[in-house]
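Working notes, structure below.
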Amino acid sequence: LAAPNPHAFQFRIMRRYWPHLDAPRHLMLIPIKLLVQRMERLGMQIELITTRDKGSLGWNTFGWEFFFGNLSSQRSVNKVLHLLGRIIAKAFEPIEQCEGKGSTYTLVFKKVG
């Protein structure tokens, strides 16, 4: 399972402007702990919990690019703002690469028994 991380560093900064608040694809932000508890009750065992896999790391950059890119609808300005987002993403990379701080999480479960 992969989903936006409600404990993400970006979410704390961007709040309602966070690009990963993307209805109708994401109607709720489900905390990892809650999802693990529910899945364990269904007989699933956690195999992997990460916010640092390749896909998750890419979503960090996406969040910054589109946060800034969405500030303007003018094409030329938008390109510059997307570039600014990439630069900001690089600056915050050390924080967002800390486990639990990334924009998305990936969970792998295995059926027990």
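Every chain in the structure tokens takes a letter, A first, then B, and so on in the order presented; its residues are numbered from 1, and the ligands are numbered from 1 following the presented order.
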I'd like a table as a tab-separated table: residues in range 6-59 of chain A with an atom no more than 9 Å from range 79-96 of chain A, each row giving the shortest atom pair and its distance in Å to one decimal, only C-alpha atoms counted, sorted by chain and rising residue number.
```
residue	atom	partner	partner_atom	distance
A:Ala8	CA	A:Glu96	CA	7.8
A:Phe9	CA	A:Glu96	CA	6.5
A:Gln10	CA	A:Glu96	CA	8.2
A:Thr51	CA	A:Glu96	CA	8.6
A:Arg52	CA	A:Glu96	CA	8.4
A:Leu57	CA	A:Glu96	CA	8.0
```
- request: From chain A, collect each residue whose DSSP state is alpha helix (DSSP H) and return the set as number ranges by chain.
  value: A: 9-14, 32-41, 54-69, 75-96
- prompt: Which residues come within 9 Å of Gln45 in chain A, counting only C-alpha atoms, excluding same-chain residues fewer than 5 positions away, as a list in words?
  reply: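 Everything that qualifies: Val36, Met39, Glu40, Val108, Phe109, Lys110, Lys111 and Val112 of chain A.
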Filtering to C-alpha atoms, could you give me those residues as an mmCIF file, in the first residue's frame?
```cif
data_model
loop_
_atom_site.group_PDB
_atom_site.id
_atom_site.type_symbol
_atom_site.label_atom_id
_atom_site.label_comp_id
_atom_site.auth_asym_id
_atom_site.auth_seq_id
_atom_site.Cartn_x
_atom_site.Cartn_y
_atom_site.Cartn_z
ATOM 1 C CA VAL A 36 -0.989 -1.288 10.666
ATOM 2 C CA MET A 39 -4.372 -4.812 8.991
ATOM 3 C CA GLU A 40 -3.046 -6.843 11.933
ATOM 4 C CA VAL A 108 3.956 -4.172 2.618
ATOM 5 C CA PHE A 109 1.855 -6.759 4.438
ATOM 6 C CA LYS A 110 1.824 -10.532 4.374
ATOM 7 C CA LYS A 111 -1.137 -12.753 5.219
ATOM 8 C CA VAL A 112 -0.411 -14.742 8.368
#
```
message: Taking only range 4-90 of chain A into account, list the residues labelled strand (DSSP E) by DSSP (computed from the backbone), as a list of chain:residue names.
response: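 Output for range 4-90 of chain A, strand (DSSP E) only: A:Pro4, A:Met44, A:Gln45, A:Ile46, A:Glu47, A:Leu48, A:Ile49, A:Thr50.
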Leaving out range 28-33 of chain A and any residue of its chain fewer than 3 positions from it, which residues lie within 9 Å of it when counting only C-alpha atoms, given as a CSV table (one decimal) with N, CA, C and O atoms, in the first residue's frame?
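result_30.csv was written with the following content:
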```csv
chain,number,residue,atom,x,y,z
A,3,ALA,N,0.5,5.6,0.2
A,3,ALA,CA,-0.5,6.7,0.4
A,3,ALA,C,0.3,7.9,0.9
A,3,ALA,O,1.4,7.8,1.4
A,4,PRO,N,-0.4,9.1,0.8
A,4,PRO,CA,0.2,10.3,1.4
A,4,PRO,C,0.4,10.1,2.9
A,4,PRO,O,-0.5,9.5,3.6
A,5,ASN,N,1.5,10.7,3.5
A,5,ASN,CA,1.8,10.5,4.9
A,5,ASN,C,1.3,11.7,5.7
A,5,ASN,O,1.9,12.8,5.5
A,6,PRO,N,0.3,11.6,6.5
A,6,PRO,CA,-0.1,12.7,7.3
A,6,PRO,C,0.9,13.3,8.3
A,6,PRO,O,0.7,14.4,8.8
A,7,HIS,N,2.0,12.6,8.5
A,7,HIS,CA,3.0,13.0,9.4
A,7,HIS,C,4.2,13.6,8.6
A,7,HIS,O,5.3,13.8,9.1
A,21,LEU,N,-2.9,16.5,-1.0
A,21,LEU,CA,-4.3,16.5,-0.6
A,21,LEU,C,-5.0,16.6,-2.0
A,21,LEU,O,-5.3,17.7,-2.5
A,23,ALA,N,-8.1,15.2,-3.7
A,23,ALA,CA,-9.4,14.6,-3.9
A,23,ALA,C,-9.7,14.6,-5.4
A,23,ALA,O,-9.3,15.5,-6.1
A,36,VAL,N,-1.6,-0.1,10.2
A,36,VAL,CA,-1.0,-1.3,10.7
A,36,VAL,C,-1.9,-2.0,11.7
A,36,VAL,O,-2.1,-3.2,11.6
A,37,GLN,N,-2.5,-1.3,12.6
A,37,GLN,CA,-3.4,-1.9,13.6
A,37,GLN,C,-4.5,-2.6,12.9
A,37,GLN,O,-4.9,-3.7,13.3
A,38,ARG,N,-5.1,-1.9,12.0
A,38,ARG,CA,-6.3,-2.5,11.3
A,38,ARG,C,-5.9,-3.8,10.5
A,38,ARG,O,-6.6,-4.8,10.5
A,49,ILE,N,7.7,-1.0,6.3
A,49,ILE,CA,7.2,0.3,6.5
A,49,ILE,C,8.3,1.3,6.2
A,49,ILE,O,9.4,1.2,6.7
A,105,TYR,N,4.1,7.1,2.2
A,105,TYR,CA,4.6,5.9,2.8
A,105,TYR,C,4.3,4.7,1.9
A,105,TYR,O,3.3,4.8,1.2
A,107,LEU,N,3.8,0.6,2.6
A,107,LEU,CA,3.6,-0.5,3.5
A,107,LEU,C,3.4,-1.8,2.8
A,107,LEU,O,2.7,-1.9,1.8
```
query: Neighbours of Phe62 in chain A within 9 Å (only C-alpha atoms; same-chain residues fewer than 2 positions away dropped), as a list in words?
result: Pro19, His20, Gly58, Trp59, Asn60, Trp64, Glu65, Phe66, Phe67, Gly85, Arg86 and Ala89 of chain A
- request: Calculate how many Å separate CA of Leu34 in chain A from CA of Ile46 in chain A, rounding to one decimal.
  value: 12.5 Å
field: Two-atom distance - CA of Arg75 in chain A, CA of Asp22 in chain A (Å)
entry: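 CA of Arg75 in chain A sits 21.9 Å away from CA of Asp22 in chain A.
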query: Of the residues A:Leu42, A:Thr104, A:Ser73, A:Arg12, which is the one nearest to Lys54 in chain A, using only C-alpha atoms?
result: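 Counting only C-alpha atoms, the residue closest to Lys54 in chain A is A:Thr104.
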